[in-house]
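K.L.:
File input.cif below, mmCIF, C-alpha atoms:
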data_structure
#
loop_
_atom_site.label_atom_id
_atom_site.label_comp_id
_atom_site.auth_asym_id
_atom_site.auth_seq_id
_atom_site.Cartn_x
_atom_site.Cartn_y
_atom_site.Cartn_z
CA MET A 241 107.75 98.68 67.61
CA HIS A 242 105.39 96.25 69.32
CA ARG A 243 104.53 97.65 72.75
CA ILE A 244 103.51 95.31 75.59
CA ALA A 245 102.33 97.11 78.73
CA ILE A 246 101.92 95.30 82.06
CA VAL A 247 100.11 97.20 84.81
CA GLY A 248 100.95 95.89 88.27
CA ALA A 249 104.23 94.54 89.66
CA GLY A 250 103.03 91.84 92.01
CA THR A 251 103.77 88.18 91.42
CA GLY A 252 101.86 87.94 88.14
CA GLY A 253 103.18 91.14 86.60
CA THR A 254 106.79 90.61 87.66
CA VAL A 255 106.99 86.97 86.57
CA LEU A 256 105.32 87.85 83.26
CA ALA A 257 107.72 90.72 82.53
CA ASN A 258 110.74 88.52 83.21
CA ARG A 259 109.36 85.63 81.15
CA LEU A 260 108.71 87.96 78.21
CA ALA A 261 112.21 89.43 78.50
CA GLU A 262 113.60 85.92 78.14
CA GLU A 263 111.25 84.68 75.42
CA LEU A 264 111.48 87.86 73.33
CA GLN A 265 115.15 88.60 73.98
CA THR A 266 116.07 88.79 70.29
CA GLU A 267 113.16 91.06 69.38
CA ILE A 268 113.72 93.37 72.37
CA GLU A 269 117.43 93.75 71.71
CA ALA A 270 116.70 94.46 68.03
CA GLY A 271 114.38 97.29 69.08
CA ASP A 272 111.30 95.60 67.63
CA VAL A 273 109.53 94.98 70.96
CA GLU A 274 109.22 96.87 74.23
CA VAL A 275 108.10 95.18 77.45
CA ARG A 276 107.09 97.84 79.95
CA LEU A 277 106.19 97.07 83.59
CA ILE A 278 104.13 99.81 85.25
CA THR A 279 103.64 100.11 89.00
CA ALA A 280 102.59 102.82 91.42
CA ASP A 281 104.62 101.19 94.20
CA PRO A 282 108.38 100.86 93.68
CA GLU A 283 108.43 97.97 96.18
CA HIS A 284 107.36 94.43 95.37
CA VAL A 285 105.51 92.78 98.26
CA TYR A 286 105.31 89.02 98.88
CA LYS A 287 102.06 88.94 100.84
CA PRO A 288 102.22 85.36 102.23
CA THR A 289 104.95 86.62 104.56
CA PHE A 290 102.32 88.55 106.52
CA LEU A 291 100.88 85.30 107.92
CA TYR A 292 104.03 84.92 110.04
CA VAL A 293 104.30 88.53 111.25
CA PRO A 294 101.67 88.24 114.04
CA PHE A 295 103.68 85.40 115.59
CA GLY A 296 106.99 87.25 115.45
CA LYS A 297 108.43 84.81 112.91
CA LYS A 298 108.80 87.40 110.14
CA THR A 299 108.80 91.17 109.81
CA VAL A 300 107.03 93.38 107.32
CA GLU A 301 110.40 94.28 105.82
CA ASP A 302 111.00 90.60 105.04
CA ALA A 303 108.09 90.83 102.58
CA LYS A 304 109.56 93.64 100.49
CA ARG A 305 112.11 94.07 97.71
CA PRO A 306 112.58 96.97 95.26
CA VAL A 307 110.91 96.11 91.96
CA GLU A 308 113.95 97.29 90.03
CA GLU A 309 116.05 94.57 91.71
CA LEU A 310 113.66 91.85 90.53
CA ILE A 311 113.17 92.63 86.86
CA ASP A 312 115.29 91.73 83.87
CA ARG A 313 117.43 94.56 82.45
CA ARG A 314 115.52 94.27 79.15
CA VAL A 315 112.25 95.30 80.85
CA THR A 316 111.40 99.00 80.93
CA LEU A 317 110.17 99.98 84.40
CA SER A 318 107.74 102.88 84.86
CA ILE A 319 106.83 104.13 88.33
CA GLY A 320 103.46 105.83 88.07
CA ARG A 321 99.77 105.44 88.78
CA VAL A 322 97.49 104.52 85.91
CA ILE A 323 94.11 106.24 86.30
CA ASP A 324 92.38 105.26 83.06
CA VAL A 325 92.44 102.43 80.54
CA ASP A 326 91.07 103.22 77.08
CA THR A 327 90.79 99.86 75.34
CA ASP A 328 89.36 101.37 72.14
CA ARG A 329 92.27 103.76 71.57
CA LYS A 330 94.74 101.43 73.33
CA LYS A 331 96.02 104.11 75.65
CA LEU A 332 96.80 104.36 79.36
CA SER A 333 96.43 107.64 81.23
CA PHE A 334 98.55 108.43 84.30
CA ALA A 335 98.02 110.59 87.38
CA ASP A 336 100.72 112.98 86.13
CA SER A 337 98.64 113.58 82.94
CA SER A 338 100.98 111.56 80.72
CA VAL A 339 99.60 109.02 78.24
CA LEU A 340 101.08 105.73 77.04
CA ALA A 341 100.02 103.80 73.95
CA TYR A 342 100.15 100.00 73.85
CA ASP A 343 99.62 97.16 71.40
CA GLN A 344 99.04 94.46 74.02
CA LEU A 345 97.94 95.16 77.60
CA VAL A 346 98.11 92.89 80.63
CA LEU A 347 96.37 93.89 83.84
CA ALA A 348 97.96 92.47 86.99
CA THR A 349 96.57 94.94 89.50
CA GLY A 350 95.74 92.41 92.22
CA ALA A 351 93.07 92.71 94.90
CA ASN A 352 92.35 95.47 97.40
CA LEU A 353 91.15 95.22 101.00
CA GLU A 354 87.86 96.93 101.84
CA PRO A 355 87.25 96.63 105.60
CA ASP A 356 85.03 99.73 105.49
CA ALA A 357 82.49 97.76 103.43
CA VAL A 358 81.29 96.17 106.70
CA PRO A 359 80.17 98.62 109.41
CA GLY A 360 82.45 98.48 112.44
CA LEU A 361 84.96 96.07 110.94
CA ALA A 362 87.82 98.55 110.56
CA GLU A 363 87.40 99.66 114.18
CA GLY A 364 86.59 96.30 115.75
CA GLY A 365 88.69 93.79 113.86
CA HIS A 366 92.27 92.92 113.04
CA HIS A 367 93.71 91.19 109.97
CA PHE A 368 97.04 89.93 108.61
CA TYR A 369 96.47 90.70 104.93
CA GLY A 370 98.58 93.84 104.82
CA PRO A 371 101.66 95.28 106.55
CA ASP A 372 99.91 97.62 108.99
CA GLY A 373 97.27 95.07 109.91
CA ALA A 374 99.82 92.33 110.48
CA GLU A 375 101.90 94.54 112.78
CA ARG A 376 98.89 95.69 114.79
CA LEU A 377 97.76 92.09 115.20
CA ARG A 378 101.27 91.11 116.33
CA ASP A 379 101.15 93.75 119.06
CA GLU A 380 97.62 92.71 120.10
CA LEU A 381 98.47 88.99 120.23
CA ALA A 382 101.52 89.68 122.38
CA GLU A 383 99.22 91.08 125.07
CA PHE A 384 96.38 88.57 124.64
CA THR A 385 96.46 85.97 127.41
CA GLU A 386 92.83 85.01 127.91
CA GLY A 387 89.37 85.36 126.40
CA HIS A 388 87.65 84.53 123.13
CA LEU A 389 89.61 84.81 119.87
CA VAL A 390 87.46 84.64 116.73
CA LEU A 391 88.81 84.16 113.21
CA SER A 392 85.99 85.22 110.89
CA VAL A 393 86.13 84.99 107.11
CA VAL A 394 84.01 88.01 106.25
CA GLY A 395 84.73 88.52 102.58
CA VAL A 396 84.95 85.97 99.76
CA PRO A 397 86.70 85.61 97.42
CA HIS A 398 89.92 86.65 99.09
CA MET A 399 93.67 86.32 98.63
CA CYS A 400 95.43 83.21 99.94
CA PRO A 401 92.24 81.16 100.45
CA ALA A 402 93.87 78.73 102.89
CA ALA A 403 95.42 81.42 105.10
CA PRO A 404 92.45 81.75 107.51
CA VAL A 405 92.59 78.01 108.24
CA GLU A 406 96.36 78.26 108.61
CA PHE A 407 96.12 81.17 111.03
CA VAL A 408 93.67 79.54 113.41
CA LEU A 409 95.72 76.31 113.50
CA MET A 410 98.91 78.30 114.03
CA VAL A 411 97.45 80.45 116.81
CA ASP A 412 96.16 77.29 118.53
CA ASP A 413 99.67 75.82 118.46
CA TRP A 414 101.27 79.15 119.43
CA LEU A 415 99.03 79.52 122.46
CA ARG A 416 99.76 75.95 123.56
CA GLU A 417 103.51 76.59 123.32
CA ARG A 418 103.07 79.57 125.65
CA GLY A 419 100.84 77.69 128.11
CA LEU A 420 97.84 79.92 127.38
CA ARG A 421 95.54 77.70 125.34
CA GLU A 422 93.36 76.63 128.29
CA ASP A 423 92.54 80.29 128.94
CA VAL A 424 91.58 81.07 125.35
CA ASP A 425 88.51 79.93 123.42
CA LEU A 426 88.98 79.73 119.65
CA THR A 427 86.22 80.03 117.05
CA TYR A 428 86.48 79.92 113.25
CA THR A 429 83.60 81.16 111.08
CA TYR A 430 82.94 80.75 107.36
CA PRO A 431 80.09 82.09 105.17
CA ILE A 432 78.98 78.79 103.57
CA ASN A 433 78.01 75.42 105.04
CA ARG A 434 81.57 74.17 105.54
CA ALA A 435 84.96 75.40 106.72
CA HIS A 436 86.40 76.17 103.26
CA GLY A 437 85.30 76.55 99.67
CA LEU A 438 87.11 73.36 98.63
CA GLU A 439 85.40 70.36 100.20
CA SER A 440 88.54 68.30 100.80
CA ILE A 441 90.23 71.18 102.64
CA ALA A 442 87.02 71.81 104.60
CA ASP A 443 86.89 68.16 105.70
CA TRP A 444 90.57 68.17 106.67
CA ALA A 445 90.23 71.42 108.63
CA THR A 446 87.02 70.32 110.38
CA ASP A 447 88.70 67.18 111.68
CA LEU A 448 91.63 69.19 113.03
CA PHE A 449 89.31 71.76 114.60
CA GLU A 450 87.51 68.99 116.46
CA GLN A 451 90.79 67.48 117.66
CA ARG A 452 92.06 70.84 118.89
CA ASP A 453 88.83 72.13 120.46
CA ILE A 454 88.37 74.92 117.92
CA ALA A 455 84.70 75.85 117.52
CA LEU A 456 83.39 76.01 113.94
CA GLU A 457 80.51 78.26 112.85
CA THR A 458 79.27 77.89 109.27
CA PHE A 459 76.59 79.82 107.33
CA PHE A 460 78.06 82.75 109.23
CA ASN A 461 77.71 85.88 107.09
CA VAL A 462 78.87 88.99 108.91
CA GLU A 463 76.62 92.03 108.56
CA GLU A 464 78.03 94.36 111.17
CA ILE A 465 80.57 94.61 114.00
CA ASP A 466 79.82 96.42 117.25
CA PRO A 467 83.35 97.32 118.40
CA ASP A 468 82.17 98.77 121.73
CA ALA A 469 80.20 95.69 122.76
CA GLU A 470 82.70 93.40 120.95
CA VAL A 471 79.91 91.56 119.15
CA ILE A 472 79.63 90.25 115.60
CA GLU A 473 76.14 90.43 114.07
CA THR A 474 75.25 88.23 111.11
CA ILE A 475 72.81 88.43 108.24
CA GLU A 476 71.23 85.25 109.64
CA GLY A 477 70.33 87.15 112.82
CA ASN A 478 72.96 85.59 115.09
CA GLU A 479 75.43 87.27 117.42
CA LEU A 480 78.88 86.17 118.54
CA GLY A 481 80.92 87.89 121.20
CA TYR A 482 84.70 88.19 121.06
CA ASP A 483 87.66 89.57 122.92
CA LEU A 484 89.95 89.55 119.90
CA LEU A 485 88.56 89.49 116.36
CA VAL A 486 90.77 88.50 113.43
CA ALA A 487 88.71 89.04 110.31
CA ILE A 488 89.38 88.45 106.63
CA PRO A 489 87.99 91.70 105.17
CA PRO A 490 86.05 91.97 101.91
CA HIS A 491 88.23 92.22 98.80
CA ALA A 492 87.65 94.15 95.60
CA GLY A 493 89.47 94.40 92.30
CA SER A 494 90.52 97.60 90.56
CA ASP A 495 88.42 100.64 89.68
CA LEU A 496 90.41 100.72 86.45
CA VAL A 497 88.72 97.47 85.47
CA THR A 498 85.19 98.64 86.23
CA ASP A 499 85.67 102.05 84.60
CA ALA A 500 87.09 100.42 81.45
CA GLY A 501 84.11 98.08 81.19
CA LEU A 502 86.28 95.01 81.63
CA GLY A 503 84.33 93.42 84.50
CA GLU A 504 82.15 93.96 87.54
CA ASP A 505 83.54 94.62 91.04
CA GLY A 506 86.96 95.29 89.58
CA TRP A 507 87.66 91.71 88.41
CA VAL A 508 88.52 91.28 84.73
CA ASP A 509 86.18 88.95 82.85
CA VAL A 510 88.54 86.60 80.99
CA ASP A 511 88.53 83.33 79.14
CA ARG A 512 89.65 80.96 81.90
CA HIS A 513 92.08 79.13 79.60
CA THR A 514 93.59 81.95 77.50
CA LEU A 515 93.32 84.75 80.12
CA GLU A 516 92.14 87.08 77.34
CA ALA A 517 89.59 89.72 78.35
CA THR A 518 86.11 88.98 77.05
CA ASN A 519 85.14 92.66 76.71
CA ALA A 520 88.15 94.04 74.82
CA GLU A 521 90.72 92.97 72.27
CA ASP A 522 94.43 92.68 73.03
CA VAL A 523 93.86 92.78 76.80
CA TYR A 524 94.81 90.02 79.24
CA ALA A 525 94.66 89.66 83.01
CA VAL A 526 96.77 87.59 85.41
CA GLY A 527 96.76 87.09 89.15
CA ASP A 528 94.05 88.07 91.60
CA VAL A 529 92.38 90.57 89.27
CA ALA A 530 91.58 87.85 86.71
CA ASP A 531 88.10 86.42 87.26
CA VAL A 532 88.80 82.70 86.92
CA PRO A 533 87.22 79.79 88.84
CA THR A 534 90.17 78.97 91.07
CA SER A 535 92.05 80.37 94.06
CA LYS A 536 93.44 83.88 94.31
CA ALA A 537 96.85 82.44 95.11
CA GLY A 538 100.41 83.31 94.15
CA SER A 539 100.92 80.02 92.31
CA VAL A 540 97.92 80.82 90.11
CA ALA A 541 99.47 84.16 89.14
CA HIS A 542 102.76 82.40 88.40
CA TYR A 543 101.24 79.77 86.09
CA GLU A 544 98.96 82.30 84.41
CA ALA A 545 101.94 84.55 83.71
CA GLY A 546 103.72 81.70 81.94
CA VAL A 547 100.71 81.08 79.70
CA VAL A 548 100.24 84.75 78.84
CA ALA A 549 103.97 85.13 78.13
CA ASP A 550 103.79 82.25 75.64
CA ARG A 551 100.66 83.63 74.00
CA LEU A 552 102.09 87.15 73.68
CA ALA A 553 105.35 85.84 72.25
CA SER A 554 103.37 83.95 69.61
CA ARG A 555 101.36 87.07 68.77
CA VAL A 556 104.50 89.16 68.39
CA ARG A 557 105.89 86.61 65.92
CA GLY A 558 102.68 86.42 63.92
CA GLN A 559 101.92 82.90 65.09
CA THR A 560 98.68 81.47 66.46
CA PRO A 561 98.87 81.22 70.28
CA THR A 562 98.29 77.72 71.62
CA ALA A 563 99.32 77.92 75.29
CA THR A 564 96.44 77.51 77.74
CA TYR A 565 95.95 77.62 81.50
CA ASP A 566 94.33 74.56 83.07
CA GLY A 567 93.69 76.08 86.48
CA LYS A 568 96.82 74.61 88.06
CA THR A 569 97.19 75.66 91.69
CA VAL A 570 99.71 74.50 94.27
CA CYS A 571 99.73 75.52 97.89
CA PHE A 572 101.43 74.69 101.18
CA LEU A 573 99.14 74.89 104.23
CA GLU A 574 100.49 75.32 107.73
CA ALA A 575 98.85 72.92 110.20
CA GLY A 576 100.43 74.63 113.20
CA MET A 577 103.77 76.20 114.02
CA SER A 578 105.89 73.24 112.95
CA GLU A 579 103.89 71.08 110.51
CA ALA A 580 102.36 71.71 107.11
CA THR A 581 100.60 69.94 104.27
CA PHE A 582 100.57 70.43 100.50
CA ILE A 583 97.87 70.45 97.81
CA GLU A 584 97.83 70.60 94.03
CA PHE A 585 94.83 70.74 91.68
CA THR A 586 93.44 72.05 88.38
CA TYR A 587 90.03 73.27 87.23
CA GLY A 588 87.24 71.03 88.46
CA GLU A 589 89.47 68.91 90.71
CA GLU A 590 89.32 68.42 94.45
CA PRO A 591 92.83 68.50 95.93
CA PHE A 592 94.17 65.62 97.97
CA VAL A 593 95.31 66.86 101.38
CA ARG A 594 98.47 65.08 102.51
CA GLU A 595 99.22 64.19 106.11
CA PRO A 596 100.88 67.22 107.77
CA SER A 597 104.57 66.83 108.52
CA LYS A 598 107.62 68.77 109.65
CA PRO A 599 109.40 68.29 106.27
CA LEU A 600 106.47 69.94 104.47
CA HIS A 601 106.59 72.83 106.97
CA TRP A 602 110.28 73.35 106.21
CA ALA A 603 109.52 73.02 102.50
CA LYS A 604 107.03 75.87 102.78
CA LEU A 605 109.53 78.04 104.64
CA GLY A 606 112.13 77.17 102.02
CA TYR A 607 109.80 78.16 99.22
CA ASN A 608 109.07 81.47 100.91
CA GLU A 609 112.79 82.22 100.96
CA SER A 610 113.29 81.14 97.34
CA TYR A 611 110.28 83.16 96.15
CA TRP A 612 112.53 86.04 95.18
CA LEU A 613 114.22 83.78 92.64
CA THR A 614 110.79 82.80 91.33
CA ALA A 615 109.83 86.45 90.89
CA ARG A 616 113.01 87.00 88.90
CA GLY A 617 112.01 84.13 86.62
CA LEU A 618 114.86 81.90 87.77
CA LEU A 619 112.61 79.12 89.17
#
Would you give me this structure, written as structure tokens?

P.N.:
Amino acid sequence: MHRIAIVGAGTGGTVLANRLAEELQTEIEAGDVEVRLITADPEHVYKPTFLYVPFGKKTVEDAKRPVEELIDRRVTLSIGRVIDVDTDRKKLSFADSSVLAYDQLVLATGANLEPDAVPGLAEGGHHFYGPDGAERLRDELAEFTEGHLVLSVVGVPHMCPAAPVEFVLMVDDWLRERGLREDVDLTYTYPINRAHGLESIADWATDLFEQRDIALETFFNVEEIDPDAEVIETIEGNELGYDLLVAIPPHAGSDLVTDAGLGEDGWVDVDRHTLEATNAEDVYAVGDVADVPTSKAGSVAHYEAGVVADRLASRVRGQTPTATYDGKTVCFLEAGMSEATFIEFTYGEEPFVREPSKPLHWAKLGYNESYWLTARGLL
């Protein structure tokens, strides 16, 4: 039997498992192939939902579905925590001391938040990149009626690269709707010399910030937070006071990756077109954990999963894989509470930012609702 193991049941892992179940249906039903999806968390989480939780538009529960409800019946689901990857012996070790052999391995372990990497950040800042953080920020925003709100991108790269821009534009709109904007100063900070890593998005955001009286601080690299004084200190030697800090915390990959020698900082070194690991045979990576030169976005995981599914199906059948990933990324960006824009690009391209509109806002909300069909491989 040919054994395909997928570690991680986020967007990339779930879409991949379902695509393989469809493409290798005959082989699986004949008992020649096993597709096994392994996850330590029995719940699948759609993280873009958390952007809406602070504004009371969504709840944390809206972001969750049981993994078993999302996967094809031909996929074998294992709930357990992998603690070691042995790429030489092609074995996975679990926290319960069990061991699983594989023929092909796909890592889809995502990214992890590390607020403790910056002194004072966990105590002095809020974020919307996880369920607890999003709920705490919701409660804080509900009571915030005046002062200085700072959105600071502390760690790069990070999940949902456009989300910080979206949040500050949404909170601006949200405060205006409540008649509080005149009593609140807004500042957005970014580590490099513009408002976003992609120049076209940076230019678009900068124009909107100017129109909406949102201060922009660039070359702003956070070194430490003083939660008692409510001050951000930067590597450049600057200080910025705040009354409410919303920070994008540093991200890291998986210790499994580092310990297995598959990449530094927990990101898997892969060929950017084939998604094959450069430091081991028969290992792939999809989603945020794959070190490719594009966004850590859900659409990237989705397109990567399709490529890896095609390549694995070819390998199973003794054929030469030809499917490649061209860096395709698509993303809706909220421009406030009722308008959004849309971008699409591939490796080496600068996206064109469309004029924000209400239809694109509703399109984004519609996609968020239909995501669960995407995860099941139906879209």

K.L.:
Suppose a student applies the PyMOL selection byres ((chain A and resi 338) around 12) to this structure; what residues should they get, written as a PDB file with C-alpha atoms, in the coordinates of the input?

P.N.:
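Output (part.pdb):
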ATOM      1  CA  SER A 318     107.740 102.880  84.860  1.00  0.00           C
ATOM      2  CA  GLY A 320     103.460 105.830  88.070  1.00  0.00           C
ATOM      3  CA  ARG A 321      99.770 105.440  88.780  1.00  0.00           C
ATOM      4  CA  VAL A 322      97.490 104.520  85.910  1.00  0.00           C
ATOM      5  CA  ILE A 323      94.110 106.240  86.300  1.00  0.00           C
ATOM      6  CA  ASP A 324      92.380 105.260  83.060  1.00  0.00           C
ATOM      7  CA  LYS A 331      96.020 104.110  75.650  1.00  0.00           C
ATOM      8  CA  LEU A 332      96.800 104.360  79.360  1.00  0.00           C
ATOM      9  CA  SER A 333      96.430 107.640  81.230  1.00  0.00           C
ATOM     10  CA  PHE A 334      98.550 108.430  84.300  1.00  0.00           C
ATOM     11  CA  ALA A 335      98.020 110.590  87.380  1.00  0.00           C
ATOM     12  CA  ASP A 336     100.720 112.980  86.130  1.00  0.00           C
ATOM     13  CA  SER A 337      98.640 113.580  82.940  1.00  0.00           C
ATOM     14  CA  VAL A 339      99.600 109.020  78.240  1.00  0.00           C
ATOM     15  CA  LEU A 340     101.080 105.730  77.040  1.00  0.00           C
ATOM     16  CA  ALA A 341     100.020 103.800  73.950  1.00  0.00           C
TER      17      ALA A 341
END

K.L.:
So that I can see what lies close to Phe368 (chain A), please list as a ChimeraX atom specification the residues with an atom at most 7 Å from it, counting all atoms listed in the file and leaving out residues fewer than 4 positions away in the same chain.

P.N.:
/A:290-291,373-374,377

K.L.:
When the PyMOL selection byres ((chain A and resi 551) around 12) is applied to the file above, which residues end up in the set, as a PyMOL selection string?

P.N.:
chain A and resi 256+259-260+263-264+344+346+513-516+522-524+544-550+552-565

K.L.:
Expand the PyMOL selection byres ((chain A and resi 572-574) around 7) into the explicit residue set it covers here, and present it as a PyMOL selection string.

P.N.:
chain A and resi 402+406+571+575-576+579-583+601+604

K.L.:
Please report the interatomic distance between CA of Val285 (chain A) and CA of Asp509 (chain A) in Å with one decimal.

P.N.:
25.0 Å

K.L.:
Taking into account all atoms listed in the file, which residue in the set A:Thr569, A:Asp495, A:Glu283, A:Glu590 is nearest to Ile441 (chain A)?

P.N.:
A:Glu590

K.L.:
If you measure from CA of Arg314 (chain A) to CA of Arg276 (chain A), what distance in Å do you get, rounded to one decimal?

P.N.:
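Interatomic distance, CA of Arg314 (chain A) to CA of Arg276 (chain A): 9.2 Å.
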
K.L.:
Please measure the separation of CA of Gly493 (chain A) and CA of Asp505 (chain A), giving the value in Å to one decimal.

P.N.:
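These atoms are spaced 6.1 Å apart.
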
K.L.:
Just the residues within 10 Å of Ile278 (chain A), please, counting all atoms listed in the file, with nothing from its chain fewer than 3 positions along; format it as a list of chain:residue names.

P.N.:
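The residues that qualify are A:Ala245, A:Ile246, A:Val247, A:Gly248, A:Ala249, A:Gly253, A:Thr254, A:Val275, A:Asp281, A:Pro282, A:Thr316, A:Leu317, A:Ser318, A:Ile319, A:Gly320, A:Arg321, A:Val322, A:Leu347, A:Ala348, A:Thr349.
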
K.L.:
Find the spatial neighbours of Ala357 (chain A), counting only C-alpha atoms, within a cut-off of 10 Å - ignore same-chain residues fewer than 2 positions away - and output them as an NGL selection string.

P.N.:
:A and (353-355 or 359-362 or 395 or 463-464 or 489-491)

K.L.:
Give me the residues near Gly527 (chain A) as JSON, numbers by chain, where near means some atom within 9 Å (using only C-alpha atoms) and where sequence neighbours in that chain fewer than 2 positions away do not count.

P.N.:
{"A": [250, 251, 252, 253, 347, 348, 349, 350, 351, 525, 529, 530, 531, 536, 537, 538, 539, 540, 541, 542, 544, 545]}

K.L.:
Please provide as a list in words all residues within 8 Å of Thr427 (chain A), with the sequence filter that same-chain residues fewer than 3 positions apart are discarded (counting all atoms listed in the file).

P.N.:
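The filter keeps His388, Leu389, Val390, Leu391, Ile454, Ala455, Leu456 and Glu457 of chain A.
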
K.L.:
With distances taken over only C-alpha atoms, which of A:Thr289, A:Arg594, A:Phe295, A:Glu589 is nearest to Glu417 (chain A)?

P.N.:
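Ranking A:Thr289, A:Arg594, A:Phe295, A:Glu589 by distance to Glu417 (chain A), first place goes to A:Phe295.
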
K.L.:
Find the residue from A:Arg376, A:Ile475, A:Gly481, A:Val408 that sits nearest to Phe449 (chain A); use only C-alpha atoms when measuring.

P.N.:
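Nearest candidate to Phe449 (chain A) out of A:Arg376, A:Ile475, A:Gly481, A:Val408: A:Val408.
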
K.L.:
Where atoms are missing, can you supply N, CA and C atoms for region 424-436 of chain A and output the lot as a short mmCIF file (atom, residue, chain, number, x, y, z; two decimals), keeping the file's coordinate frame?

P.N.:
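So the final result, stored in selection_33.cif, reads:
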data_model
loop_
_atom_site.label_atom_id
_atom_site.label_comp_id
_atom_site.auth_asym_id
_atom_site.auth_seq_id
_atom_site.Cartn_x
_atom_site.Cartn_y
_atom_site.Cartn_z
N VAL A 424 92.07 80.43 126.56
CA VAL A 424 91.58 81.07 125.35
C VAL A 424 90.63 80.13 124.61
N ASP A 425 89.45 80.64 124.29
CA ASP A 425 88.51 79.93 123.42
C ASP A 425 88.76 80.38 121.98
N LEU A 426 88.77 79.43 121.06
CA LEU A 426 88.98 79.73 119.65
C LEU A 426 87.74 79.37 118.84
N THR A 427 87.34 80.28 117.96
CA THR A 427 86.22 80.03 117.05
C THR A 427 86.61 80.46 115.64
N TYR A 428 86.25 79.64 114.68
CA TYR A 428 86.48 79.92 113.25
C TYR A 428 85.12 79.99 112.57
N THR A 429 84.87 81.05 111.79
CA THR A 429 83.60 81.16 111.08
C THR A 429 83.82 81.27 109.58
N TYR A 430 82.85 80.72 108.83
CA TYR A 430 82.94 80.75 107.36
C TYR A 430 81.54 80.97 106.80
N PRO A 431 81.42 81.68 105.66
CA PRO A 431 80.09 82.09 105.17
C PRO A 431 79.21 80.95 104.65
N ILE A 432 79.80 79.86 104.13
CA ILE A 432 78.98 78.79 103.57
C ILE A 432 78.84 77.65 104.57
N ASN A 433 78.35 76.50 104.10
CA ASN A 433 78.01 75.42 105.04
C ASN A 433 79.18 74.50 105.37
N ARG A 434 80.40 74.94 105.15
CA ARG A 434 81.57 74.17 105.54
C ARG A 434 82.72 75.12 105.82
N ALA A 435 83.86 74.57 106.23
CA ALA A 435 84.96 75.40 106.72
C ALA A 435 85.82 76.03 105.62
N HIS A 436 85.61 75.63 104.37
CA HIS A 436 86.40 76.17 103.26
C HIS A 436 85.64 75.92 101.97
#
